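Novice: Sharing a structure with you now.
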Amino acid sequence: MTPDMAAMTTTDGEAFLFWVLAPLMVLAALGLLFVRRAVHAALCLVFVMVSLAIMYIASGAPFLGVVQVVVYTGAVMMLFLFVLMLVGVDASDSLTETIRGQRWIGLLLGLGLAVVLIGVVSRATFLPGTPLTENQVANPVGLARILFGDYVLAMETVGVLLVTAAMGALVLTHRRRLETKRTQRWVAEQRVKALAEGGTLTPLPAPGVYAQSNAMDTPALGPDGRPLEHSVSRVLRIRGQEKAAPASLVETRSAGQVSTVPAATPDGGEDS
Amino acid sequence: MNDVIGYAPWLVGFPLIGAAVLLLGGRALDKWGHWIGVLASSASMILGLWLLFRMIGADPADRVVDHSLWTWLSAGGLDVNLALRLDPLSMTFVGLVTFVGWLIHLYSVEYMAHDPHRRRFFAYLNLFIAAMLVLVLADSYLVLFIGWEGVGLASYLLIGFWDHKRPNAVAAKKAFVMNRVGDMGLIVAMALLFAHTGALDYGTLLGSGASGTAAVDGLDQGTATAVGLALLLAACGKSAQFPLQAWLGDAMAGPTPVSALIHAATMVTAGVYLLVRSGPILDAAPTAQLVVVIVGSVTLIFGAIVGCAKDDIKKALAASTMSQIGYMMLAAGLGPVGYAFAIFHLITHGFFKAGLFLGAGSVMHGMNDEVNMRGFGALRHVMRLTAWSMFFGWLAILGIPPFSGFWSKDKIIEAAFVGEGWQPWVFGGAALIGAGITAFYMTRLMTMTFWGRPRWTEPEYHPHESPGLMVWPQVVLAVGSIALGGVLAFGDVFTTWLEPVVGTPGHHEPVLAVPVLMGATIGVVVLGAVIGYAMYRRDVPAEAPRGSVLTRAARRDLFQDTVNEGLVMKPGQGVTAVLVTADTGVIARGWATLAGGVAALGAWLRKAQTGYVRAYAASMAAGVLIIGVVIALVATLGQTAGA
Amino acid sequence: MEITNYVVLACILFAIGATTVLLRRNAIVVFMGVELMLNATNLAFVTFARIHGDLTGQVLAFFVMVVAAAEVVVGLAIIVTIFRTRRSASVDDVNLLHG
């Protein structure tokens, strides 16, 4: 095998690696297009990125491979997941298209792009070069020499860019306080005010704890034996995860006289 | 002269600074600002007279001095210095303009005492003086043109000084527009001169004095004639000569001191100055000279006839000015034989006409600003000094020896009779008849105003002598009317003085003997005066009688306005109307259509802006795709071609 | 195997990334598409570095990663801000700038 040929072909092991990874990567990438949930898309992308890291290492760029794992999968994708969490994990896309014709135009353009790029690459004649030496591959020092030699200015600039981006993100996500801070005094005063409108001054009753169940999701019983709906956490009530109080304990009266939930205090009843 | 030439720019500088101070000073100067104007005028007058006497004292060979201030413009082959030329001709004018101007300034202090805008008035007067001084002191046609336009501007501002009255504003506009017609002539003349000689300064063009080569000598006959006629057009506009004379009568709308200034010292004399200054050009173009003489003769008769019919005292005087300037133009057209006399008559006329106008202003002042002479009469008893000063002015304009007008006008009539063939008889005859008519209408004016029986009643009018500051300038001018002519004519002092500029008149024998001519002139004048007195001595009807056809025509300025309107104004309005229609119908609509098309296209293209970022991304991707395809194709084709 | 297969793979990934940008409406997924495109170019860079035996390609890929990190930070910050005010992460909801 001449050096020229060595530069243009791979070992069989690498070929095997490529043919295993490449289809999986394309599949995962297509997942980006077709999955409904953003979290799944993020996972697909993580897979593509890790595979890319493996390919970098196989292609004689171990340093980049490591950086790829650390920066992309480690930092960037985690950031994506954080934001997804912030925005709402379950915010799934409806896949129906709103802009008329956009889907076909997009697909056509994507396909066209792929065809043109692949066409050009496949027809191109690569000038035979010298393969990377063993020293270059194994040693990040070579990379560092170029990075801090020829590209030192770009390196510095990129540093400035990173700092600026961090500052920018801080400024953009900074939220200004629009209302006065809720102090303990404020809460107390609001409760006293709400008293006239039927609020309660005291904390709401705690949920019921019974022999059959000791969970947060069963209402306590009032002195008259009726269940107190508002003793259960509001979130559970809204989600419909509230359980009924044990039937044997509930005083059966007419439904109309079941105690109603008192009007919520201004800051909600979750304190209970 | 050279040692004092450095002061010459201040001649213009004083009044110019005065005008600037008065105009920029604002209301703070309203109370005493007019004294600044008088001061500036006085300073200019004292300096002017001092320079004049220095020049009189200098050796005749040194009397022509050029003083360059700075290079005004330098464009290609044209270099124009802002330079002043002091020579006997310009200094004569400086003396006249500053002295008479100064008297009029003094007079105006009282005359305008009750006008709320007296400060502005004095600013304009100063501007007028400054512009006229630039005009006469210039040493090239281009610098003269600055003064020329400045005089036009100042006269516009002053004629329309009471512009809250519509006729006054219209009169100012009329004067300005008709002056612009003349200005075109001056511009054309300058363009022709520059095209053929490449210079505009007097030194190169006209030669300096008697010696030296003049560039105009190299002009061919046709060019010289064209330049001469263009200059004549300019002079006609400024000096109110036929056929551009129509503005002068209307210009009486301005305050009376302005009329005096326009008629005596500044403005109308500029045309005569221009022609005399351009003497070498006229000498080279006999045809143009002939036209000048014809224009002068026509105007002098024309003005005299109009003067006979006017009942407005100021308009009668205005017509008289037109006629007298006609005499000067006639003289200027006669060539070297007449130049000196044209200027001579200009000087004497400046004095007696200023005196007459100031007298008229004084009469108006005493008569509640009444100008109709039919309402005057027997005013000599209540305005003694005014009456006497106007009396001497009257004698002077009639040309009765030994008063000023005789010495200058008689010489012009003599010069008009010089020559061969039909010309001396026609032009000389016109001048002679003009003198007779002049005597008639001036006597008419005097009789109707000062003599006869009073046609005003006491409680309504209370005629009285004007205050001192108004009377004394009249007295000074009356002294000039009496004596100036004789003094300057004694031993041909004035013609000798002007020789370095206009050359020697030489001696020419008129076609009739001089004593005969003199006798005939005096005879005609006395006849005219006697007829005038006899006709208007008795009662003058308060309403003007219908009169003969000629009288009615003369009242309407011999239909000059009608002719102007028919020949120029109506066609001009027609052309304008057509242009306006074309502009709105074709051009404006065309552009509107184009704009509408662009707007429609924009509205259509706006649909591309959906606001959806993905749509934009799609178009961007499409662009990338197209570029990629093109590059790929070019590369493939290049390979194919290379292979 | 030809090394150029890597480049072909990069092309395919790039096209898929671009299509994602064009078709998905969730701003975060669109962003992921952009990241995928960047990664595809990185793969191409690394492969070219290998073909030519020149480490500069790897250096460029490195720079792309750094810039991408900065871009993600700012981009996600913008998405969070928009989400806060509009309660939506759909790129189609931000369409006030239309003609």
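To be explicit about the labels: the chains of the structure tokens are called A, B, and onward in the order shown, and within each one the residues are counted from 1, while ligands get numbers from 1 in the order they are shown.
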Using DSSP on the backbone, list every residue of range 153-202 of chain B that comes out as alpha helix (DSSP H), and give them as an MDAnalysis selection string.

Specialist: chainID B and resid 153:159 166:197 202

Novice: Please identify all polymer residues within 7 Å of range 75-92 of chain C, counting only C-alpha atoms, omitting same-chain residues fewer than 6 positions from it, and present them as an MDAnalysis selection string.

Specialist: (chainID A and resid 87 169 172:173) or (chainID B and resid 612:613) or (chainID C and resid 25:27)

Novice: Keeping all heavy atoms, export the residues of the selection given above as an mmCIF file, in the first residue's frame.

Specialist:
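Result saved to result13.cif:
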```
data_model
loop_
_atom_site.group_PDB
_atom_site.id
_atom_site.type_symbol
_atom_site.label_atom_id
_atom_site.label_comp_id
_atom_site.auth_asym_id
_atom_site.auth_seq_id
_atom_site.Cartn_x
_atom_site.Cartn_y
_atom_site.Cartn_z
ATOM 1 N N VAL A 87 -38.827 24.739 30.163
ATOM 2 C CA VAL A 87 -39.903 25.096 29.255
ATOM 3 C C VAL A 87 -41.072 24.135 29.404
ATOM 4 O O VAL A 87 -42.209 24.476 29.126
ATOM 5 C CB VAL A 87 -39.353 25.109 27.812
ATOM 6 C CG1 VAL A 87 -40.465 25.222 26.808
ATOM 7 C CG2 VAL A 87 -38.374 26.242 27.650
ATOM 8 N N ALA A 169 -26.047 35.769 28.277
ATOM 9 C CA ALA A 169 -27.056 34.852 28.781
ATOM 10 C C ALA A 169 -27.561 35.319 30.142
ATOM 11 O O ALA A 169 -28.759 35.292 30.428
ATOM 12 C CB ALA A 169 -26.466 33.454 28.890
ATOM 13 N N LEU A 172 -29.838 38.278 29.538
ATOM 14 C CA LEU A 172 -31.093 37.925 28.882
ATOM 15 C C LEU A 172 -32.054 37.229 29.839
ATOM 16 O O LEU A 172 -33.260 37.460 29.797
ATOM 17 C CB LEU A 172 -30.811 37.005 27.699
ATOM 18 C CG LEU A 172 -30.421 37.707 26.407
ATOM 19 C CD1 LEU A 172 -29.962 36.689 25.386
ATOM 20 C CD2 LEU A 172 -31.599 38.485 25.858
ATOM 21 N N THR A 173 -31.516 36.366 30.681
ATOM 22 C CA THR A 173 -32.416 35.590 31.537
ATOM 23 C C THR A 173 -32.671 36.242 32.878
ATOM 24 O O THR A 173 -33.437 35.732 33.673
ATOM 25 C CB THR A 173 -31.834 34.186 31.780
ATOM 26 O OG1 THR A 173 -30.499 34.357 32.262
ATOM 27 C CG2 THR A 173 -31.821 33.379 30.515
ATOM 28 N N TYR B 612 -42.777 34.421 9.473
ATOM 29 C CA TYR B 612 -42.390 33.098 9.983
ATOM 30 C C TYR B 612 -40.914 32.873 9.726
ATOM 31 O O TYR B 612 -40.461 32.907 8.589
ATOM 32 C CB TYR B 612 -43.192 32.004 9.294
ATOM 33 C CG TYR B 612 -44.639 32.024 9.687
ATOM 34 C CD1 TYR B 612 -45.621 32.353 8.772
ATOM 35 C CD2 TYR B 612 -45.010 31.712 10.989
ATOM 36 C CE1 TYR B 612 -46.947 32.386 9.136
ATOM 37 C CE2 TYR B 612 -46.333 31.741 11.370
ATOM 38 C CZ TYR B 612 -47.314 32.076 10.438
ATOM 39 O OH TYR B 612 -48.603 32.112 10.815
ATOM 40 N N VAL B 613 -40.184 32.642 10.786
ATOM 41 C CA VAL B 613 -38.733 32.521 10.635
ATOM 42 C C VAL B 613 -38.381 31.302 9.785
ATOM 43 O O VAL B 613 -37.389 31.301 9.068
ATOM 44 C CB VAL B 613 -38.063 32.482 12.022
ATOM 45 C CG1 VAL B 613 -38.298 31.161 12.704
ATOM 46 C CG2 VAL B 613 -36.590 32.790 11.907
ATOM 47 N N ARG C 25 -41.080 22.960 14.634
ATOM 48 C CA ARG C 25 -41.551 24.252 15.114
ATOM 49 C C ARG C 25 -41.102 24.552 16.530
ATOM 50 O O ARG C 25 -41.088 25.695 16.945
ATOM 51 C CB ARG C 25 -43.077 24.308 15.032
ATOM 52 C CG ARG C 25 -43.533 24.877 13.724
ATOM 53 C CD ARG C 25 -45.014 24.859 13.657
ATOM 54 N NE ARG C 25 -45.500 23.484 13.683
ATOM 55 C CZ ARG C 25 -46.744 23.160 13.971
ATOM 56 N NH1 ARG C 25 -47.595 24.106 14.278
ATOM 57 N NH2 ARG C 25 -47.129 21.914 13.961
ATOM 58 N N ASN C 26 -40.767 23.494 17.273
ATOM 59 C CA ASN C 26 -40.263 23.726 18.627
ATOM 60 C C ASN C 26 -38.875 24.362 18.529
ATOM 61 O O ASN C 26 -37.955 23.796 17.923
ATOM 62 C CB ASN C 26 -40.187 22.397 19.360
ATOM 63 C CG ASN C 26 -39.854 22.600 20.817
ATOM 64 O OD1 ASN C 26 -39.125 23.525 21.162
ATOM 65 N ND2 ASN C 26 -40.380 21.738 21.671
ATOM 66 N N ALA C 27 -38.733 25.532 19.121
ATOM 67 C CA ALA C 27 -37.486 26.267 18.973
ATOM 68 C C ALA C 27 -36.300 25.442 19.439
ATOM 69 O O ALA C 27 -35.210 25.508 18.860
ATOM 70 C CB ALA C 27 -37.566 27.563 19.774
#
```

Novice: Taking a cut-off of 12 Å and counting only C-alpha atoms, can you build a table that, for each residue of chain C near chain B, reports the nearest atom pair and how far apart they are in Å (one decimal), sorted by chain then residue number, as CSV?

Specialist:
```
residue,atom,partner,partner_atom,distance
C:Phe14,CA,B:Ala621,CA,12.0
C:Ala15,CA,B:Ala621,CA,10.3
C:Gly17,CA,B:Ala621,CA,11.7
C:Ala18,CA,B:Ala621,CA,8.0
C:Thr19,CA,B:Ala618,CA,9.2
C:Thr20,CA,B:Arg614,CA,10.3
C:Val21,CA,B:Arg614,CA,7.4
C:Leu22,CA,B:Arg614,CA,5.5
C:Leu23,CA,B:Arg614,CA,7.6
C:Arg24,CA,B:Arg614,CA,8.7
C:Arg25,CA,B:Arg614,CA,8.2
C:Asn26,CA,B:Arg614,CA,11.1
C:Ala27,CA,B:Arg614,CA,10.4
C:Val30,CA,B:Arg614,CA,9.5
C:Val34,CA,B:Ala617,CA,11.6
C:Ser90,CA,B:Val613,CA,10.5
C:Val91,CA,B:Val613,CA,6.8
C:Asp92,CA,B:Tyr612,CA,5.7
C:Asp93,CA,B:Tyr612,CA,8.1
C:Val94,CA,B:Tyr612,CA,7.2
C:Asn95,CA,B:Gly611,CA,4.3
C:Leu96,CA,B:Gly611,CA,6.1
C:Leu97,CA,B:Gly611,CA,4.9
C:His98,CA,B:Gly611,CA,3.9
C:Gly99,CA,B:Gln609,CA,4.9
```

Novice: Within 9 Å of chain B, which residues of chain A are there when counting only C-alpha atoms? Please give them as a short mmCIF file (atom, residue, chain, number, x, y, z; two decimals) with N, CA, C and O atoms, in the first residue's frame.

Specialist:
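Saved as result.cif:
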```
data_model
loop_
_atom_site.label_atom_id
_atom_site.label_comp_id
_atom_site.auth_asym_id
_atom_site.auth_seq_id
_atom_site.Cartn_x
_atom_site.Cartn_y
_atom_site.Cartn_z
N ILE A 99 -47.66 26.45 8.23
CA ILE A 99 -47.37 27.26 7.04
C ILE A 99 -47.64 26.42 5.80
O ILE A 99 -47.13 25.30 5.69
N GLN A 102 -44.91 24.51 3.53
CA GLN A 102 -43.58 24.52 4.14
C GLN A 102 -43.00 23.11 4.23
O GLN A 102 -41.82 22.90 4.00
N ILE A 105 -41.75 22.04 0.79
CA ILE A 105 -40.58 22.86 0.43
C ILE A 105 -39.38 22.43 1.25
O ILE A 105 -38.27 22.24 0.75
N GLY A 106 -39.60 22.25 2.58
CA GLY A 106 -38.50 21.85 3.45
C GLY A 106 -37.90 20.52 3.05
O GLY A 106 -36.67 20.40 2.93
N LEU A 109 -36.02 20.88 -0.21
CA LEU A 109 -34.75 21.59 -0.05
C LEU A 109 -33.72 20.69 0.63
O LEU A 109 -32.56 20.63 0.24
N GLY A 110 -34.18 19.96 1.69
CA GLY A 110 -33.26 19.07 2.39
C GLY A 110 -32.71 18.01 1.45
O GLY A 110 -31.49 17.79 1.38
N GLY A 112 -32.62 18.11 -1.81
CA GLY A 112 -31.78 18.77 -2.82
C GLY A 112 -30.39 19.04 -2.29
O GLY A 112 -29.38 18.79 -2.95
N LEU A 113 -30.36 19.53 -1.05
CA LEU A 113 -29.07 19.82 -0.42
C LEU A 113 -28.23 18.55 -0.35
O LEU A 113 -27.04 18.55 -0.71
N VAL A 116 -27.04 17.51 -3.88
CA VAL A 116 -25.98 18.35 -4.43
C VAL A 116 -24.67 18.11 -3.70
O VAL A 116 -23.61 17.90 -4.32
N LEU A 117 -24.74 18.08 -2.35
CA LEU A 117 -23.50 17.91 -1.59
C LEU A 117 -22.86 16.56 -1.89
O LEU A 117 -21.65 16.46 -2.18
N GLY A 119 -23.36 14.67 -4.43
CA GLY A 119 -22.91 14.65 -5.82
C GLY A 119 -21.55 15.29 -5.97
O GLY A 119 -20.64 14.73 -6.61
N VAL A 120 -21.39 16.45 -5.36
CA VAL A 120 -20.11 17.15 -5.48
C VAL A 120 -18.99 16.33 -4.86
O VAL A 120 -17.92 16.15 -5.43
#
```

Novice: So which residues touch range 64-77 of chain A within 8 Å, counting only C-alpha atoms, skipping near sequence neighbours fewer than 2 positions away, as a list in words?

Specialist: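 Contacts, in chain order: Ala42, Val46, Met49, Val50, Leu52, Ala53, Ile54, Met55, Tyr56, Ile57, Ala61, Pro62, Leu79, Phe80 and Leu81 of chain A; Gln58, Ala61, Phe62, Met65, Ala69 and Val72 of chain C.
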
Novice: May I have the selected residues written with C-alpha atoms, as a PDB file, in the first residue's frame?

Specialist:
```
ATOM      1  CA  ALA A  42     -32.345  15.461  22.478  1.00  0.00           C
ATOM      2  CA  VAL A  46     -26.811  12.729  22.103  1.00  0.00           C
ATOM      3  CA  MET A  49     -22.753  13.144  19.061  1.00  0.00           C
ATOM      4  CA  VAL A  50     -21.279  10.265  20.992  1.00  0.00           C
ATOM      5  CA  LEU A  52     -19.230  11.234  16.224  1.00  0.00           C
ATOM      6  CA  ALA A  53     -16.777  11.255  19.121  1.00  0.00           C
ATOM      7  CA  ILE A  54     -15.994   7.629  18.420  1.00  0.00           C
ATOM      8  CA  MET A  55     -15.451   8.406  14.749  1.00  0.00           C
ATOM      9  CA  TYR A  56     -13.113  11.280  15.636  1.00  0.00           C
ATOM     10  CA  ILE A  57     -11.005   8.943  17.727  1.00  0.00           C
ATOM     11  CA  ALA A  61      -8.333  12.956  16.415  1.00  0.00           C
ATOM     12  CA  PRO A  62      -8.534  11.594  19.929  1.00  0.00           C
ATOM     13  CA  LEU A  79     -27.958  22.667  28.772  1.00  0.00           C
ATOM     14  CA  PHE A  80     -30.576  21.678  26.236  1.00  0.00           C
ATOM     15  CA  LEU A  81     -32.143  19.282  28.715  1.00  0.00           C
TER      16      LEU A  81
ATOM     17  CA  GLN C  58      -8.886  19.690  13.578  1.00  0.00           C
ATOM     18  CA  ALA C  61     -13.308  21.876  14.242  1.00  0.00           C
ATOM     19  CA  PHE C  62     -12.213  22.823  17.721  1.00  0.00           C
ATOM     20  CA  MET C  65     -17.150  23.633  18.950  1.00  0.00           C
ATOM     21  CA  ALA C  69     -21.030  26.434  22.791  1.00  0.00           C
ATOM     22  CA  VAL C  72     -26.028  27.654  22.384  1.00  0.00           C
TER      23      VAL C  72
END
```

Novice: Hey, what's within 9 Å of range 379-386 of chain B if we count only C-alpha atoms and toss same-chain stuff fewer than 6 positions away? As number ranges by chain, please?

Specialist: B: 358-360, 362-363, 366, 449-454, 463-466, 471-472, 474-475

Novice: Only all heavy atoms, please: the residues just picked out, written as a short mmCIF file (atom, residue, chain, number, x, y, z; two decimals), in the first residue's frame.

Specialist:
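Output contents, as saved in part_31.cif:
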```
data_model
loop_
_atom_site.label_atom_id
_atom_site.label_comp_id
_atom_site.auth_asym_id
_atom_site.auth_seq_id
_atom_site.Cartn_x
_atom_site.Cartn_y
_atom_site.Cartn_z
N LEU B 358 -37.07 116.88 -3.94
CA LEU B 358 -37.16 117.18 -2.52
C LEU B 358 -38.19 118.27 -2.30
O LEU B 358 -38.94 118.26 -1.31
CB LEU B 358 -35.79 117.60 -1.98
CG LEU B 358 -34.72 116.50 -1.98
CD1 LEU B 358 -33.51 116.95 -1.18
CD2 LEU B 358 -35.27 115.21 -1.41
N GLY B 359 -38.27 119.22 -3.24
CA GLY B 359 -39.28 120.25 -3.15
C GLY B 359 -40.67 119.65 -3.23
O GLY B 359 -41.56 119.98 -2.44
N ALA B 360 -40.85 118.72 -4.18
CA ALA B 360 -42.15 118.07 -4.30
C ALA B 360 -42.49 117.34 -3.02
O ALA B 360 -43.64 117.39 -2.55
CB ALA B 360 -42.12 117.10 -5.48
N SER B 362 -41.48 118.13 -0.11
CA SER B 362 -41.79 119.16 0.88
C SER B 362 -43.23 119.63 0.73
O SER B 362 -43.96 119.81 1.71
CB SER B 362 -40.80 120.31 0.71
OG SER B 362 -41.04 121.32 1.64
N VAL B 363 -43.64 119.82 -0.55
CA VAL B 363 -45.03 120.23 -0.80
C VAL B 363 -45.99 119.18 -0.29
O VAL B 363 -46.96 119.47 0.42
CB VAL B 363 -45.22 120.47 -2.32
CG1 VAL B 363 -46.71 120.63 -2.63
CG2 VAL B 363 -44.45 121.69 -2.77
N GLY B 366 -46.39 119.21 3.34
CA GLY B 366 -47.26 120.27 3.85
C GLY B 366 -48.72 120.06 3.47
O GLY B 366 -49.60 120.69 4.04
N THR B 449 -48.67 124.45 -9.01
CA THR B 449 -48.33 124.23 -7.62
C THR B 449 -48.20 125.54 -6.84
O THR B 449 -48.79 125.70 -5.77
CB THR B 449 -47.01 123.44 -7.52
OG1 THR B 449 -47.13 122.27 -8.32
CG2 THR B 449 -46.72 123.05 -6.09
N PHE B 450 -47.41 126.45 -7.40
CA PHE B 450 -47.03 127.61 -6.59
C PHE B 450 -47.76 128.88 -6.96
O PHE B 450 -47.83 129.80 -6.16
CB PHE B 450 -45.52 127.83 -6.70
CG PHE B 450 -44.73 126.76 -6.04
CD1 PHE B 450 -44.02 125.84 -6.77
CD2 PHE B 450 -44.71 126.66 -4.64
CE1 PHE B 450 -43.30 124.85 -6.16
CE2 PHE B 450 -44.00 125.67 -4.03
CZ PHE B 450 -43.28 124.76 -4.78
N TRP B 451 -48.19 128.97 -8.22
CA TRP B 451 -48.80 130.23 -8.63
C TRP B 451 -50.29 130.05 -8.78
O TRP B 451 -50.85 129.05 -8.35
CB TRP B 451 -48.14 130.70 -9.94
CG TRP B 451 -46.66 130.92 -9.73
CD1 TRP B 451 -46.07 131.50 -8.64
CD2 TRP B 451 -45.61 130.54 -10.63
NE1 TRP B 451 -44.70 131.51 -8.78
CE2 TRP B 451 -44.38 130.94 -10.00
CE3 TRP B 451 -45.55 129.94 -11.88
CZ2 TRP B 451 -43.15 130.74 -10.61
CZ3 TRP B 451 -44.32 129.77 -12.47
CH2 TRP B 451 -43.11 130.15 -11.84
N GLY B 452 -50.93 131.01 -9.41
CA GLY B 452 -52.36 130.93 -9.58
C GLY B 452 -53.09 131.11 -8.25
O GLY B 452 -52.55 131.68 -7.29
N ARG B 453 -54.34 130.59 -8.20
CA ARG B 453 -55.13 130.75 -7.01
C ARG B 453 -55.16 129.44 -6.22
O ARG B 453 -55.06 128.37 -6.82
CB ARG B 453 -56.54 131.18 -7.39
CG ARG B 453 -56.81 132.66 -7.07
CD ARG B 453 -58.15 133.09 -7.61
NE ARG B 453 -58.10 133.32 -9.03
CZ ARG B 453 -59.18 133.40 -9.81
NH1 ARG B 453 -60.36 133.24 -9.28
NH2 ARG B 453 -59.05 133.65 -11.10
N PRO B 454 -55.28 129.52 -4.92
CA PRO B 454 -55.32 128.28 -4.13
C PRO B 454 -56.58 127.48 -4.43
O PRO B 454 -57.66 128.06 -4.55
CB PRO B 454 -55.31 128.77 -2.68
CG PRO B 454 -55.75 130.19 -2.75
CD PRO B 454 -55.34 130.72 -4.07
N PRO B 463 -51.25 123.88 4.67
CA PRO B 463 -49.90 123.91 4.11
C PRO B 463 -48.98 124.73 4.99
O PRO B 463 -49.38 125.78 5.50
CB PRO B 463 -50.09 124.54 2.73
CG PRO B 463 -51.44 125.12 2.72
CD PRO B 463 -52.24 124.52 3.79
N HIS B 464 -47.77 124.23 5.15
CA HIS B 464 -46.80 124.93 6.00
C HIS B 464 -45.40 124.60 5.51
O HIS B 464 -45.20 123.59 4.82
CB HIS B 464 -46.95 124.49 7.46
CG HIS B 464 -46.86 123.00 7.62
ND1 HIS B 464 -45.67 122.35 7.79
CD2 HIS B 464 -47.80 122.03 7.59
CE1 HIS B 464 -45.88 121.05 7.88
NE2 HIS B 464 -47.17 120.83 7.75
N GLU B 465 -44.47 125.45 5.85
CA GLU B 465 -43.09 125.17 5.44
C GLU B 465 -42.58 123.97 6.22
O GLU B 465 -42.97 123.74 7.37
CB GLU B 465 -42.22 126.42 5.71
CG GLU B 465 -40.80 126.29 5.20
CD GLU B 465 -40.74 125.99 3.70
OE1 GLU B 465 -41.00 124.83 3.32
OE2 GLU B 465 -40.45 126.89 2.91
N SER B 466 -41.72 123.17 5.57
CA SER B 466 -41.19 121.96 6.21
C SER B 466 -40.12 122.33 7.21
O SER B 466 -39.54 123.42 7.16
CB SER B 466 -40.62 121.04 5.15
OG SER B 466 -41.62 120.77 4.20
N VAL B 471 -35.65 121.53 4.58
CA VAL B 471 -35.51 122.70 3.71
C VAL B 471 -34.07 122.93 3.29
O VAL B 471 -33.78 123.20 2.13
CB VAL B 471 -36.08 123.95 4.42
CG1 VAL B 471 -35.80 125.18 3.59
CG2 VAL B 471 -37.56 123.78 4.65
N TRP B 472 -33.14 122.79 4.23
CA TRP B 472 -31.76 123.17 3.93
C TRP B 472 -31.14 122.33 2.83
O TRP B 472 -30.43 122.87 1.97
CB TRP B 472 -30.92 123.21 5.20
CG TRP B 472 -31.34 124.38 6.02
CD1 TRP B 472 -32.00 124.36 7.19
CD2 TRP B 472 -31.21 125.76 5.66
NE1 TRP B 472 -32.30 125.61 7.63
CE2 TRP B 472 -31.82 126.52 6.70
CE3 TRP B 472 -30.64 126.43 4.58
CZ2 TRP B 472 -31.87 127.90 6.67
CZ3 TRP B 472 -30.69 127.81 4.57
CH2 TRP B 472 -31.29 128.54 5.58
N GLN B 474 -32.66 121.31 0.32
CA GLN B 474 -33.20 121.91 -0.91
C GLN B 474 -32.43 123.16 -1.27
O GLN B 474 -32.12 123.42 -2.43
CB GLN B 474 -34.67 122.27 -0.71
CG GLN B 474 -35.57 121.10 -0.47
CD GLN B 474 -37.00 121.59 -0.28
OE1 GLN B 474 -37.50 122.35 -1.09
NE2 GLN B 474 -37.64 121.16 0.79
N VAL B 475 -32.11 123.95 -0.26
CA VAL B 475 -31.39 125.19 -0.51
C VAL B 475 -30.02 124.89 -1.11
O VAL B 475 -29.59 125.50 -2.09
CB VAL B 475 -31.27 126.00 0.80
CG1 VAL B 475 -30.36 127.20 0.58
CG2 VAL B 475 -32.64 126.43 1.27
#
```

Novice: By how many Å are CA of Pro60 in chain B and CA of Val501 in chain B apart?

Specialist: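 So the answer is 10.9 Å.
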
Novice: May I ask for the distance between CA of Trp19 in chain A and CA of Leu55 in chain C, given in Å to one decimal place?

Specialist: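 Going from CA of Trp19 in chain A over to CA of Leu55 in chain C covers 25.2 Å.
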
Novice: Please report the interatomic distance between CA of His105 in chain B and CA of Gly37 in chain B in Å with one decimal.

Specialist: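 CA of Gly37 in chain B lies 7.6 Å from CA of His105 in chain B.
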